[in-house]
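J.: For reference, this is my_file_21.txt, and it has compact mmCIF, C-alpha atoms.
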```txt
# COMPACT_ATOMS: atom_id res chain seq x y z
CA MET A 1 -0.08 -16.28 24.77
CA ILE A 2 -2.66 -15.94 22.01
CA ILE A 3 -0.05 -14.55 19.60
CA GLU A 4 2.31 -17.44 20.30
CA TYR A 5 -0.53 -19.91 19.74
CA LEU A 6 -1.36 -18.28 16.38
CA LYS A 7 2.27 -18.43 15.36
CA LEU A 8 2.34 -22.15 16.18
CA LEU A 9 -0.79 -22.75 14.08
CA MET A 10 0.70 -20.85 11.15
CA ALA A 11 3.97 -22.78 11.44
CA ARG A 12 2.09 -26.09 11.37
CA HIS A 13 0.08 -24.93 8.35
CA GLN A 14 3.28 -23.95 6.55
CA ILE A 15 4.87 -27.34 7.26
CA ALA A 16 1.80 -29.13 5.89
CA ARG A 17 1.75 -26.87 2.84
CA ASP A 18 5.46 -27.42 2.23
CA ALA A 19 4.98 -31.18 2.45
CA ALA A 20 2.14 -31.06 -0.07
CA GLY A 21 3.99 -28.63 -2.32
CA ALA A 22 7.07 -30.82 -2.53
CA GLY A 23 5.13 -33.29 -4.66
CA SER A 24 3.30 -30.78 -6.86
CA LEU A 25 4.21 -30.62 -10.52
CA LEU A 26 2.70 -29.10 -13.63
CA PHE A 27 3.55 -31.36 -16.57
CA ARG A 28 2.81 -31.13 -20.29
CA GLN A 29 3.91 -33.40 -23.13
CA LEU A 30 4.09 -31.61 -26.48
CA TRP A 31 4.51 -33.12 -29.95
CA ASP A 32 6.08 -32.20 -33.28
CA ALA A 33 4.57 -34.43 -35.96
CA GLU A 34 7.14 -33.51 -38.61
CA THR A 35 10.06 -34.99 -36.66
CA GLY A 36 8.21 -37.24 -34.21
CA THR A 37 9.76 -35.28 -31.36
CA PHE A 38 8.38 -34.94 -27.85
CA THR A 39 8.98 -31.73 -25.90
CA TYR A 40 8.31 -31.71 -22.17
CA LEU A 41 7.31 -28.77 -19.98
CA LEU A 42 7.74 -29.18 -16.22
CA ALA A 43 6.88 -26.47 -13.70
CA ASP A 44 6.72 -25.93 -9.99
CA PRO A 45 3.27 -24.37 -9.44
CA PHE A 46 4.32 -22.62 -6.21
CA SER A 47 7.18 -20.59 -7.72
CA SER A 48 5.98 -20.73 -11.36
CA GLU A 49 9.53 -21.67 -12.39
CA SER A 50 9.67 -24.11 -15.30
CA VAL A 51 12.02 -26.05 -17.56
CA LEU A 52 11.55 -27.27 -21.11
CA ILE A 53 13.17 -30.49 -22.35
CA ASP A 54 14.04 -31.03 -26.04
CA PRO A 55 12.33 -28.02 -27.66
CA VAL A 56 12.02 -27.96 -31.47
CA PHE A 57 13.09 -24.81 -33.36
CA GLU A 58 9.93 -24.62 -35.48
CA ARG A 59 7.75 -25.05 -32.37
CA HIS A 60 9.37 -22.55 -30.03
CA SER A 61 6.56 -20.01 -30.55
CA ARG A 62 4.03 -22.64 -29.50
CA ASP A 63 6.07 -23.49 -26.42
CA LEU A 64 6.47 -19.83 -25.45
CA ALA A 65 2.75 -19.27 -25.86
CA LEU A 66 1.95 -22.10 -23.45
CA ILE A 67 4.52 -20.88 -20.93
CA ASN A 68 3.10 -17.36 -21.08
CA GLU A 69 -0.53 -18.45 -20.93
CA LEU A 70 0.15 -20.56 -17.84
CA GLY A 71 1.97 -17.66 -16.19
CA LEU A 72 5.26 -19.53 -15.91
CA ARG A 73 8.86 -18.34 -15.89
CA LEU A 74 11.22 -20.46 -17.94
CA VAL A 75 14.53 -20.94 -16.14
CA ALA A 76 16.18 -23.49 -18.44
CA SER A 77 15.85 -24.95 -21.91
CA ILE A 78 17.39 -28.41 -21.78
CA ASP A 79 18.38 -30.88 -24.48
CA THR A 80 18.99 -34.56 -23.89
CA HIS A 81 21.69 -34.63 -26.60
CA VAL A 82 22.84 -33.02 -29.85
CA HIS A 83 19.98 -34.08 -32.10
CA ALA A 84 20.45 -35.27 -35.68
CA ASP A 85 16.80 -35.06 -36.73
CA HIS A 86 15.74 -31.55 -35.72
CA VAL A 87 17.21 -28.23 -34.60
CA THR A 88 16.70 -27.28 -30.98
CA GLY A 89 14.60 -24.27 -29.99
CA SER A 90 16.88 -23.44 -27.07
CA TRP A 91 18.43 -20.29 -28.52
CA CYS A 92 15.06 -18.81 -29.46
CA LEU A 93 13.71 -19.55 -25.99
CA HIS A 94 16.78 -17.98 -24.40
CA ALA A 95 16.43 -14.89 -26.59
CA ALA A 96 12.78 -14.53 -25.58
CA THR A 97 13.01 -15.30 -21.87
CA GLY A 98 16.64 -15.09 -20.77
CA CYS A 99 16.54 -18.75 -19.67
CA SER A 100 19.73 -20.76 -19.47
CA ILE A 101 20.67 -23.20 -22.24
CA ALA A 102 21.57 -26.60 -20.79
CA LEU A 103 23.33 -29.46 -22.61
CA ALA A 104 26.03 -32.02 -21.90
CA ALA A 105 29.38 -30.29 -21.51
CA VAL A 106 31.04 -33.05 -23.54
CA ALA A 107 28.98 -32.02 -26.58
CA GLY A 108 31.02 -28.82 -26.89
CA ALA A 109 28.16 -26.77 -28.35
CA ASP A 110 28.31 -22.98 -28.53
CA PHE A 111 26.14 -20.66 -26.40
CA VAL A 112 25.53 -23.29 -23.71
CA SER A 113 25.27 -21.40 -20.41
CA GLN A 114 24.65 -24.46 -18.22
CA PRO A 115 27.03 -27.26 -19.27
CA LEU A 116 25.96 -30.50 -17.62
CA ALA A 117 27.71 -33.62 -16.37
CA HIS A 118 26.65 -36.77 -14.52
CA GLY A 119 25.46 -35.96 -11.02
CA ASP A 120 24.47 -32.36 -11.72
CA SER A 121 21.06 -31.02 -10.77
CA ILE A 122 18.70 -28.61 -12.53
CA VAL A 123 16.52 -26.73 -10.04
CA PHE A 124 13.18 -25.11 -10.83
CA GLY A 125 11.44 -23.77 -7.75
CA ARG A 126 10.94 -26.56 -5.23
CA ARG A 127 11.53 -29.25 -7.82
CA SER A 128 14.66 -30.50 -9.54
CA LEU A 129 15.96 -32.88 -12.16
CA SER A 130 19.05 -34.99 -11.54
CA VAL A 131 21.38 -35.53 -14.47
CA ARG A 132 22.49 -39.03 -15.45
CA ALA A 133 25.02 -39.56 -18.21
CA THR A 134 23.65 -42.17 -20.63
CA PRO A 135 26.07 -42.25 -23.59
CA GLY A 136 25.74 -44.75 -26.39
CA HIS A 137 23.34 -43.20 -28.89
CA THR A 138 25.73 -40.24 -28.85
CA GLU A 139 28.64 -39.52 -26.56
CA GLY A 140 26.75 -36.66 -24.90
CA CYS A 141 23.36 -38.24 -24.15
CA LEU A 142 21.83 -37.35 -20.79
CA THR A 143 18.77 -38.67 -18.96
CA TYR A 144 16.92 -36.35 -16.60
CA VAL A 145 15.28 -37.88 -13.52
CA LEU A 146 12.67 -36.03 -11.47
CA ASP A 147 13.58 -35.55 -7.81
CA ASP A 148 11.11 -38.19 -6.56
CA ALA A 149 12.10 -40.68 -9.30
CA SER A 150 8.50 -40.83 -10.51
CA MET A 151 9.49 -39.95 -14.08
CA ALA A 152 12.60 -39.76 -16.24
CA PHE A 153 13.28 -38.22 -19.66
CA THR A 154 15.50 -40.51 -21.68
CA GLY A 155 15.93 -38.69 -24.99
CA ASP A 156 17.01 -41.26 -27.58
CA ALA A 157 18.93 -43.50 -25.18
CA LEU A 158 15.74 -45.44 -24.44
CA LEU A 159 12.71 -45.34 -26.72
CA ILE A 160 9.42 -47.16 -26.19
CA ARG A 161 10.24 -50.79 -27.12
CA GLY A 162 13.45 -49.62 -28.74
CA CYS A 163 16.49 -47.37 -28.38
CA GLY A 164 18.52 -44.90 -30.37
CA ARG A 165 20.96 -45.99 -33.04
CA CYS A 166 24.69 -46.10 -32.25
CA ASP A 167 26.40 -45.53 -35.61
CA PHE A 168 27.30 -41.82 -35.51
CA GLN A 169 28.33 -39.01 -33.08
CA GLN A 170 30.71 -41.31 -31.17
CA GLY A 171 27.92 -43.78 -30.54
CA SER A 172 28.63 -47.16 -28.99
CA ALA A 173 26.33 -50.15 -28.56
CA GLU A 174 28.41 -51.37 -25.62
CA ALA A 175 28.17 -47.98 -23.92
CA LEU A 176 24.43 -47.79 -24.56
CA TRP A 177 23.84 -51.24 -23.03
CA HIS A 178 25.55 -50.19 -19.83
CA SER A 179 23.82 -46.79 -19.80
CA ILE A 180 20.39 -48.36 -20.09
CA HIS A 181 20.96 -51.00 -17.45
CA GLN A 182 22.97 -48.98 -14.95
CA GLN A 183 21.29 -45.58 -15.21
CA ILE A 184 17.73 -46.12 -16.49
CA LEU A 185 16.55 -49.63 -15.63
CA SER A 186 18.08 -49.15 -12.18
CA LEU A 187 15.36 -46.60 -11.43
CA PRO A 188 12.27 -47.75 -9.48
CA GLN A 189 10.08 -50.17 -11.42
CA HIS A 190 7.14 -47.76 -11.35
CA CYS A 191 9.18 -44.85 -12.76
CA LEU A 192 7.57 -43.53 -15.94
CA LEU A 193 9.92 -43.10 -18.89
CA TYR A 194 9.34 -40.35 -21.43
CA PRO A 195 11.34 -40.73 -24.65
CA GLY A 196 12.58 -38.12 -27.09
CA HIS A 197 10.66 -39.63 -30.01
CA ASP A 198 7.97 -42.06 -31.01
CA TYR A 199 6.48 -42.80 -34.41
CA GLU A 200 3.73 -45.26 -33.43
CA GLY A 201 1.44 -43.05 -31.35
CA ARG A 202 2.92 -44.13 -28.01
CA SER A 203 3.69 -41.49 -25.42
CA VAL A 204 5.02 -43.08 -22.23
CA THR A 205 6.38 -46.33 -20.84
CA SER A 206 7.88 -47.51 -17.55
CA VAL A 207 11.02 -49.13 -16.20
CA ALA A 208 9.13 -52.36 -15.52
CA GLU A 209 7.70 -52.53 -19.04
CA GLU A 210 10.96 -51.90 -20.86
CA ALA A 211 12.94 -54.26 -18.63
CA ARG A 212 10.52 -57.03 -19.57
CA PHE A 213 9.27 -56.26 -23.08
CA ASN A 214 11.88 -54.20 -24.92
CA PRO A 215 12.99 -56.51 -27.77
CA ARG A 216 16.53 -55.10 -27.88
CA PHE A 217 17.63 -55.21 -24.26
CA GLY A 218 14.71 -56.51 -22.18
CA GLY A 219 13.75 -59.94 -20.95
CA ALA A 220 16.52 -62.50 -21.32
CA ALA A 221 18.57 -60.40 -23.81
CA ARG A 222 22.31 -60.42 -23.16
CA GLU A 223 24.89 -57.78 -23.97
CA GLN A 224 26.21 -59.68 -27.00
CA ASP A 225 22.65 -59.99 -28.33
CA PHE A 226 22.19 -56.26 -28.01
CA ILE A 227 25.52 -55.36 -29.62
CA GLY A 228 24.89 -57.79 -32.47
CA THR A 229 21.49 -56.21 -33.13
CA MET A 230 22.70 -52.61 -32.97
CA ASP A 231 25.71 -53.25 -35.20
CA ASN A 232 23.50 -54.70 -37.94
CA LEU A 233 20.56 -52.28 -38.09
CA GLN A 234 21.69 -50.80 -41.44
CA LEU A 235 19.54 -47.70 -40.99
CA PRO A 236 19.49 -44.91 -43.60
CA HIS A 237 21.32 -41.67 -42.87
CA PRO A 238 19.11 -39.23 -40.90
CA ARG A 239 17.63 -36.98 -43.56
CA ARG A 240 18.08 -33.76 -41.58
CA ILE A 241 21.50 -34.45 -40.12
CA ASP A 242 23.33 -31.99 -42.39
CA VAL A 243 21.20 -29.14 -41.05
CA ALA A 244 20.48 -30.42 -37.56
CA LEU A 245 24.00 -31.12 -36.32
CA PRO A 246 25.55 -27.74 -37.16
CA GLY A 247 22.40 -25.99 -35.99
CA ASN A 248 22.45 -27.80 -32.65
CA LEU A 249 26.13 -27.14 -32.15
CA ARG A 250 25.06 -23.46 -32.20
CA SER A 251 22.30 -24.28 -29.66
CA GLY A 252 19.77 -23.49 -32.36
CA ARG A 253 20.97 -19.94 -32.96
CA PRO A 254 20.20 -18.93 -36.58
CA LEU A 255 23.16 -18.04 -38.76
CA GLU A 256 21.43 -14.74 -39.45
CA GLU A 257 19.48 -13.05 -36.67
CA SER A 258 16.36 -12.80 -38.80
CA GLU A 259 13.98 -14.43 -36.37
CA SER A 260 10.33 -14.53 -37.34
CA LYS A 261 9.24 -11.24 -35.84
CA SER A 262 6.56 -9.16 -37.50
CA ASP A 263 7.78 -5.97 -39.12
CA TRP A 264 4.55 -4.12 -38.38
CA ALA A 265 3.75 -4.99 -34.77
CA PRO A 266 5.00 -7.00 -31.76
CA LEU A 267 2.71 -9.95 -32.39
CA GLN A 268 2.27 -12.68 -29.79
CA ARG A 269 1.42 -16.23 -30.79
CA SER A 270 -1.22 -17.89 -28.63
CA TYR A 271 -1.02 -21.58 -27.71
CA ALA A 272 -3.90 -22.10 -30.16
CA GLY A 273 -1.58 -20.81 -32.91
CA LEU A 274 -3.19 -17.39 -33.36
CA ASP A 275 -1.39 -14.09 -33.99
CA GLU A 276 -2.53 -11.66 -31.30
CA ILE A 277 -1.70 -8.15 -30.18
CA THR A 278 -2.31 -6.36 -26.90
CA PRO A 279 -4.59 -3.36 -26.32
CA ASP A 280 -1.74 -1.08 -25.25
CA TRP A 281 -0.04 -1.34 -28.65
CA VAL A 282 -3.32 -0.93 -30.52
CA ALA A 283 -4.25 2.14 -28.48
CA GLY A 284 -1.01 3.82 -29.49
CA HIS A 285 -1.33 2.98 -33.19
CA LEU A 286 -5.00 3.50 -34.01
CA ASP A 287 -4.09 5.96 -36.76
CA ALA A 288 -1.89 3.36 -38.51
CA ILE A 289 -4.23 0.33 -38.50
CA THR A 290 -7.76 -0.69 -39.36
CA LEU A 291 -9.55 -1.88 -36.22
CA LEU A 292 -12.22 -4.28 -37.46
CA ASP A 293 -15.17 -5.01 -35.15
CA VAL A 294 -16.95 -8.28 -36.10
CA ARG A 295 -19.76 -8.22 -33.53
CA SER A 296 -23.41 -8.26 -34.54
CA TYR A 297 -25.31 -5.08 -35.43
CA GLU A 298 -27.15 -5.30 -32.12
CA GLU A 299 -23.86 -5.38 -30.18
CA TRP A 300 -22.35 -2.62 -32.32
CA LEU A 301 -25.28 -0.38 -31.37
CA GLY A 302 -25.55 -1.73 -27.83
CA PRO A 303 -24.43 -0.60 -24.38
CA ASP A 304 -21.00 -2.26 -24.45
CA GLY A 305 -19.75 0.50 -26.70
CA ARG A 306 -17.10 0.46 -29.43
CA VAL A 307 -13.67 1.88 -30.16
CA ALA A 308 -13.93 5.23 -31.91
CA GLY A 309 -12.98 5.01 -35.57
CA SER A 310 -13.29 1.23 -35.83
CA LEU A 311 -14.79 -0.43 -38.90
CA HIS A 312 -17.82 -2.68 -38.42
CA LEU A 313 -18.33 -5.91 -40.39
CA PRO A 314 -20.36 -8.66 -38.67
CA LEU A 315 -18.63 -12.01 -38.76
CA PRO A 316 -21.32 -13.73 -40.91
CA ASP A 317 -20.85 -11.04 -43.58
CA LEU A 318 -17.06 -10.91 -43.48
CA MET A 319 -16.17 -13.18 -46.39
CA GLN A 320 -18.69 -11.48 -48.69
CA SER A 321 -17.25 -8.07 -47.82
CA LEU A 322 -13.51 -8.69 -48.11
CA GLU A 323 -13.14 -6.17 -50.92
CA THR A 324 -14.30 -3.38 -48.60
CA LEU A 325 -11.35 -3.87 -46.25
CA PRO A 326 -8.55 -1.32 -46.70
CA ARG A 327 -5.41 -3.03 -48.00
CA ASP A 328 -2.97 -0.21 -47.32
CA ARG A 329 -2.68 -0.83 -43.58
CA PRO A 330 -2.67 -3.74 -41.11
CA VAL A 331 -5.95 -5.08 -39.74
CA VAL A 332 -6.58 -5.77 -36.06
CA VAL A 333 -9.80 -7.72 -35.42
CA THR A 334 -11.91 -7.45 -32.29
CA CYS A 335 -15.19 -8.59 -30.74
CA TYR A 336 -16.40 -8.59 -27.14
CA ALA A 337 -14.09 -11.26 -25.67
CA GLY A 338 -11.75 -12.18 -28.56
CA SER A 339 -13.26 -15.51 -29.65
CA ARG A 340 -15.24 -14.50 -32.75
CA SER A 341 -12.46 -12.14 -33.76
CA ALA A 342 -10.02 -15.07 -33.49
CA LEU A 343 -12.09 -16.94 -36.07
CA ALA A 344 -12.26 -13.84 -38.26
CA THR A 345 -8.47 -13.42 -38.02
CA GLN A 346 -7.95 -16.99 -39.23
CA GLN A 347 -10.39 -16.47 -42.10
CA LEU A 348 -8.64 -13.30 -43.21
CA GLN A 349 -5.23 -14.99 -43.07
CA ARG A 350 -6.51 -17.90 -45.15
CA ASN A 351 -7.76 -15.41 -47.71
CA GLY A 352 -4.38 -13.80 -48.23
CA LEU A 353 -4.18 -10.97 -45.70
CA LYS A 354 -0.64 -10.98 -44.31
CA GLN A 355 -0.81 -8.15 -41.80
CA VAL A 356 -3.70 -9.18 -39.58
CA ALA A 357 -3.97 -10.01 -35.87
CA ASN A 358 -6.55 -10.57 -33.16
CA LEU A 359 -7.00 -8.06 -30.34
CA ARG A 360 -6.12 -10.15 -27.31
CA GLY A 361 -9.05 -10.29 -24.91
CA GLY A 362 -11.28 -8.19 -27.17
CA LEU A 363 -13.18 -5.10 -26.05
CA GLN A 364 -13.58 -6.60 -22.59
CA ARG A 365 -9.84 -6.44 -21.99
CA TRP A 366 -9.62 -3.08 -23.80
CA ALA A 367 -12.05 -1.57 -21.30
CA ALA A 368 -10.50 -3.38 -18.32
CA GLU A 369 -7.14 -1.80 -19.12
CA GLY A 370 -8.70 1.67 -19.08
CA TYR A 371 -8.99 2.47 -22.78
CA PRO A 372 -12.08 4.44 -23.84
CA LEU A 373 -15.18 3.15 -25.58
CA GLU A 374 -17.75 5.36 -27.22
CA LEU A 375 -21.49 4.75 -27.06
CA PRO A 376 -23.68 5.07 -30.15
CA LYS A 377 -25.66 8.27 -30.37
```
Please express what this file holds, its structure, as structure tokens.

T.:
Amino acid sequence: MIIEYLKLLMARHQIARDAAGAGSLLFRQLWDAETGTFTYLLADPFSSESVLIDPVFERHSRDLALINELGLRLVASIDTHVHADHVTGSWCLHAATGCSIALAAVAGADFVSQPLAHGDSIVFGRRSLSVRATPGHTEGCLTYVLDDASMAFTGDALLIRGCGRCDFQQGSAEALWHSIHQQILSLPQHCLLYPGHDYEGRSVTSVAEEARFNPRFGGAAREQDFIGTMDNLQLPHPRRIDVALPGNLRSGRPLEESESKSDWAPLQRSYAGLDEITPDWVAGHLDAITLLDVRSYEEWLGPDGRVAGSLHLPLPDLMQSLETLPRDRPVVVTCYAGSRSALATQQLQRNGLKQVANLRGGLQRWAAEGYPLELPK
């Protein structure tokens, strides 16, 4: 009887947890200033599965760093359309994580492993995105709607107080009008809309706002007003289109597989933008690097110990002692926890050292992973 009662309690707890978990979401909005592009990371915290929407090629290391630091597993890299202003980071993310590459099937891009059409669903853990076809800016534009319709990712189909142009890639003002009204503004009024770009410092809008205030299609605007506006924008040619379109039709795969990997070590880029390396690699290559300890003299001689054979230069003295650093081998910088050594790594890079990295986690992580420290005599 007691066992059955305990089972009932556990079942009720699981139901309550499932109900709470269904609405849980980890969400990050990322920004590329060069192209005005938003990238969106969504994750289910219970399974740690995540998706990335509209990654930028030059920012894929940043995105990977965030995914890794948060302990997530990327299951799909998704684009809202074939972009004309930047190259997608999807191929690089796939190469690093094995995630699927998702794009509208009608786009016909190479290396797409998850071709999408209206009505499809992208699942990540307990959460999902429904796919709505929203052509008009391009023929293959898609909008992704979160399972509870609390947010949608519109790419260039709908921008904050604007929308994407319709004069290339089989664009159509008539098609865009119907896409916006039938597939986006038909969402709940409270639904938050996250665009692919913004150049005015705005980050989010809503269905209610755009239906009322968007000067192109909101308020009392009629279809003929919209088409007349879009057909007479006379916008300049996108400056990156000659590189972006062919690059995106390869899903961002470089023509030559010369991705930016270090030739001296398997460096990892932190979300703060720092080149780091793990203790296990350092421990196996101590004879091929200079391990630079930037702690104070008191710490160097103190009870925390030090790595045998490491070079000691306190951080305040580092810039005045640059000439004493060996230049014939890479430098790995460390301190107790990795924060001061991070600053030292940045200073060395700014002063021309190319082969330099921070020891991730410092001596604290070194010791925690079982590598030896010697005590001063």

J.: Give me the residues within 9 Å of A:His60 as JSON, numbers by chain, counting all atoms listed in the file and dropping any in the same chain fewer than 6 places off.

T.: {"A": [88, 89, 90, 92, 93]}

J.: Would you please work out which residue, of A:Leu343, A:Leu146, A:Ile227, A:Leu72, is nearest to A:Tyr194 when using all atoms listed in the file?

T.: A:Leu146

J.: Any idea what's packed within 8 Å of stretch 130-135 of chain A, counting all atoms listed in the file, ignoring anything in its chain fewer than 4 positions away? Could you give it as a ChimeraX atom specification?

T.: /A:116-122,139-147,157,171-172,175-176,179-180,183

J.: For A:Arg250, which of A:Asp110, A:Ser50, A:Phe57, A:Leu25 is the closest residue, counting all atoms listed in the file?

T.: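 The answer is A:Asp110, which sits nearest to A:Arg250.
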
J.: Identify, on the basis of all atoms listed in the file, every residue whose closest approach to A:Ser150 does not exceed 7 Å; exclude the query and any residue fewer than 2 positions from it along the same chain; express the result as a count of residues only.

T.: 4

J.: Near A:Glu299, within 12 Å and counting only C-alpha atoms, which residues show up once chain neighbours fewer than 5 positions away are dropped, as a ChimeraX atom specification?

T.: /A:293-294,304-306,312-314,335-336,363,375-376

J.: Quick one: residues within 10 Å of (6.2, -30.3, -16.3) (file frame), counting only C-alpha atoms, please, as a ChimeraX atom specification.

T.: /A:24-29,40-45,50-53,146

J.: Between A:Val112, A:Ala102, A:Leu64, A:Val204, single out the one closest to A:Met151, counting all atoms listed in the file.

T.: A:Val204
